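Peer 1: This structure is in structure tokens; I'll ask about it shortly.
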Amino acid sequence: MKKIVALFLTILLTVSCIGFAAAEDDITLDVIICQYGNNTTNWFTGTGINGKSFVQLFEEANPGIKLNLEVVSWNDVYTVVSTRISNGNAPDILNIDTFADYATEGLLLPVKDYCPEELYNDFFPAFIQQSVIDGTVWAVPDLASARAMYYNKDIFDEVGIQVPTTWAELQDACQSIKDFYNGDVYPWGMDMTTDEGQAAFSYYAWNNNGGFVDKDGNWALNSDANIDAVNFAVGLYQKGFTNPSPATQTRYDLQDMFGAGKMAMVITTNQLPTYLKEKGYSINYGTAALPHNDGAETGATGVMDRVMAFKDDSASDQAARNAAIGKFLTFFYSPEMYTGWVSMEGFLPAVSSAVSYLVKEDPSFETWLKVLDSCQFYPTAKAEWVDVKQGVIDVEQKALLGGDVKALLDDLQAKVTAK
Amino acid sequence: MNTILVRHKWEPYLWLLPSILLMTIFVVFPILIVFKLSVSEISKSGVVGGFIGLANFRAAVSDQTFGTVMMNTLYWVVSVVGISTLLGFIVAMVLNTRFHGRKVARSIVVFPWATSLVIQASIWNYIINFEYGNLNNVLLNLGIIQNAINWRVSYQVEFIWECGVGIFVTVPFVAFCVLAGLQSIDDAYYEAATVDGAGAWKKLTQVTIPLVRPALTVSTVLNIIYVFNSFPIIYTITKGAPANMTDTMVTYLYMLAFYDQQKGPATALSVIGFVILCVVAGLYMVISMRKEEQ
């Protein structure tokens, strides 16, 4: 009996070795995708594309390439990626927002090494420019979102006021709404949380001719325009025009308040209609440009995420690996896949071939694409961006507690430029 | 005879082997790795470089936020462990008396402890929410208040709420540790105390407390460790905001490592936290055990 068991185990072992030998020819790509919404996981690994998943469809179309694809929430992705890098186990393909640290530390492959030319030329050039360091492109854009001000039309009609375009008008509108509803409706939504406080900074700084960097691209965090901008924003809070806890109430909390009719105006992404629909809110709302200071130009905020490929010196055939990464990108950005992905989560596309498809399905996309044209983006290609991002959030939160904005921004500028 | 002796010598170790292996792989190794990382240079992306001495410790301690965070941690541990030990003791005394529905009461008491901390914290987030929270709804409907109250009016108040949630989820653990101690006390002690003319207070201080001290020591030491290391309550309710004013050491080092990408100082803080815990828990155990011996 023992002999039979031993024989059976030996055969099993041999067969499994043959199995591995056959599979060894396959290239397996480790892919990390960020979770953009409720449908992301189902689309990539479930049954979101006519009963199939992206992974399934890709593997069918590209025999010899396997995907080990993981969808990770935005809350966890930085933890997951840096832990994997520390353990020498970086993913092959990563979808995330920042890239400068990975590029400057020599962890990324240049895009030209793996991205087919036809696909490369399809990306909006302005987007590609956001991922350039020292003349090399290190990542490709996966999608974008633009920010606009949404306002509750019924509230504005009831109070009898016009949609504000300047900061002075905004203050007047807030005061009128506050007086009319006696505090039951928050006139203005403000998110200065660790999630997105950097966006709040840009809403006010870019609409006061300020910003993160000066015209030469150097950090200019403590410019007079920025100091005035943060003081103006904190002033709105101090006058009782905003939600009560801007340091802990995230964009999603604000969107819920807006959807429930408890907030008159909020600056958020072009995904808001999708969000309101999915949550079952039905309110009468409109969109407008972000209010700006008198004499300053309107600055729209654009946010763009990226896809990048990590080096893997242990790969036996680098050319085959690069080709496999190229095939992944080509498949992902093909109109059949990409338009479904972008419209499902309500984002804006990063490749021109998707535009005509999307506009045909939903003509309102065209307006957003125009907004996107005039958008300013965060200076994510600068290596200090992470410090700046966390730094401006800290400044805002300290200012909400009564800190001196000028002193705080001076400190931040000194800290960032000293590195 | 000899064989039995030999077998008895190695047999206990054999049975302990799986636990020792698990502890080594999942506890000892990670601790050693963190010690090594705390004196290594770590890039923003997470690439581990060479030895840099105590630079990470200096960077962590010299940050202005460090003082605030240490004070918060002290308030957090002392208030949560102290108050929940007192309340847990009272709850255990009540549950130890005979009354109808005692079993049901015991089951209900265990709920807050048995539920995941993230769920607990999220539920409390909803309860105290200004706009649609249950607390305001109930008070408004009962006519106790006329206008909704902002229960999160400042970060100090938010921190008190966080401590409150910490106490709420910790009380059951203390209660059940003490209850186990109370049930092991022989009635003969109380009878003897009654014969000697002891009143309720004397019985509590001279009989009950000395005899449940071992159980209290265990629950307090474990609670100091759990509460010091507790992450979900603060992370779910305030994420340490505004400007780290509600952070404790554990939430702060997480934010430092994964939001600010300062992994070196964050690992140094982990080591500092580990040492503090070892010293505090060790001291408490030594003092308690000496008292027991006396």
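Each chain in the structure tokens gets a letter, A, B, ..., in the order shown, and its residues are numbered from 1; ligands are numbered from 1 in order too.
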Using only C-alpha atoms, determine which residues of chain A fall within 7 Å of chain B; present them as a ChimeraX atom specification.

Peer 2: /A:78-79,82-83,85-86,101-102,247-248,386-387,390,394,397-398

Peer 1: Find the residues near Leu37 of chain B: any atom within 10 Å, counting only C-alpha atoms, skip ones fewer than 5 places away on the same chain, and give them as a list in words.

Peer 2: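 Once the nearby chain positions are removed, what remains is Ile31, Leu32, Ile42, Val48, Gly49, Gly50, Phe51, Ile52, Asn56, Lys263, Gly264, Pro265, Ala266, Thr267, Ala268 and Val271 of chain B.
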
Peer 1: How would the residues just picked look written out with C-alpha atoms as a PDB file, in the first residue's frame?

Peer 2:
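Just written: again_29.pdb:
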```pdb
ATOM      1  CA  ILE B  31      10.314  43.382  15.203  1.00  0.00           C
ATOM      2  CA  LEU B  32      13.931  42.741  14.215  1.00  0.00           C
ATOM      3  CA  ILE B  42      14.688  54.614   3.426  1.00  0.00           C
ATOM      4  CA  VAL B  48      15.981  50.531   1.800  1.00  0.00           C
ATOM      5  CA  GLY B  49      19.510  51.954   1.744  1.00  0.00           C
ATOM      6  CA  GLY B  50      22.478  51.769   4.120  1.00  0.00           C
ATOM      7  CA  PHE B  51      23.048  52.383   7.830  1.00  0.00           C
ATOM      8  CA  ILE B  52      22.508  56.002   8.911  1.00  0.00           C
ATOM      9  CA  ASN B  56      15.752  58.735  11.773  1.00  0.00           C
ATOM     10  CA  LYS B 263       9.331  55.903   6.329  1.00  0.00           C
ATOM     11  CA  GLY B 264      12.645  56.257   8.190  1.00  0.00           C
ATOM     12  CA  PRO B 265      11.313  58.510  10.975  1.00  0.00           C
ATOM     13  CA  ALA B 266       8.133  56.403  11.053  1.00  0.00           C
ATOM     14  CA  THR B 267      10.062  53.186  11.778  1.00  0.00           C
ATOM     15  CA  ALA B 268      12.103  55.061  14.407  1.00  0.00           C
ATOM     16  CA  VAL B 271      10.822  51.435  17.877  1.00  0.00           C
TER      17      VAL B 271
END
```

Peer 1: Run DSSP on the backbone and tell me which residues of segment 129-303 of chain A come out as helix (DSSP H, G or I); list them as a ChimeraX atom specification.

Peer 2: /A:129-131,153-159,167-181,197-208,224-238,251-259,272-279

Peer 1: Applying 12 Å and only C-alpha atoms, which residues near Ser107 of chain B remain after dropping the ones on its own chain fewer than 5 positions away? List them as a list in words.

Peer 2: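 Residues meeting the cut-off are Leu95, Gly101, Arg102, Pro112, Trp113, Ala114, Pro172, Ala175 and Phe176 of chain B.
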
Peer 1: Using N, CA and C atoms, can you export the residues from the last selection as a CSV table (one decimal), in the first residue's frame?

Peer 2:
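Result written to part_28.csv:
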```csv
chain,number,residue,atom,x,y,z
B,95,LEU,N,-22.6,42.0,37.2
B,95,LEU,CA,-22.9,40.7,36.5
B,95,LEU,C,-22.6,39.5,37.4
B,101,GLY,N,-32.3,37.1,34.1
B,101,GLY,CA,-31.7,37.6,32.8
B,101,GLY,C,-30.2,37.9,32.8
B,102,ARG,N,-29.5,37.3,33.8
B,102,ARG,CA,-28.1,37.6,34.0
B,102,ARG,C,-27.3,37.1,32.7
B,112,PRO,N,-20.0,45.1,22.4
B,112,PRO,CA,-19.0,46.2,21.9
B,112,PRO,C,-17.6,45.7,21.7
B,113,TRP,N,-17.3,44.7,22.5
B,113,TRP,CA,-15.9,44.1,22.4
B,113,TRP,C,-15.8,43.2,21.2
B,114,ALA,N,-16.9,42.5,21.0
B,114,ALA,CA,-16.8,41.4,19.9
B,114,ALA,C,-16.9,42.0,18.5
B,172,PRO,N,-16.0,45.9,28.2
B,172,PRO,CA,-16.4,44.4,28.3
B,172,PRO,C,-15.2,43.5,28.6
B,175,ALA,N,-14.4,43.8,32.2
B,175,ALA,CA,-15.5,43.2,32.9
B,175,ALA,C,-15.4,41.6,33.0
B,176,PHE,N,-15.1,41.0,31.8
B,176,PHE,CA,-15.0,39.6,31.8
B,176,PHE,C,-13.8,39.0,32.4
```

Peer 1: Do a neighbour search on Ala55 of chain B at 9 Å with only C-alpha atoms, toss out local chain neighbours closer than 2 positions, and write the hits as a PyMOL selection string.

Peer 2: chain B and resi 38-41+52-53+57-60+264-265

Peer 1: Rounded to one decimal, what separation in Å do you get between atom CA of Phe124 of chain A and atom CA of Val303 of chain A?

Peer 2: 14.1 Å

Peer 1: Counting only C-alpha atoms, figure out which residue out of A:Thr98, A:Thr193, A:Asn209, A:Asn284 gets nearest to Pro246 of chain A.

Peer 2: A:Thr193
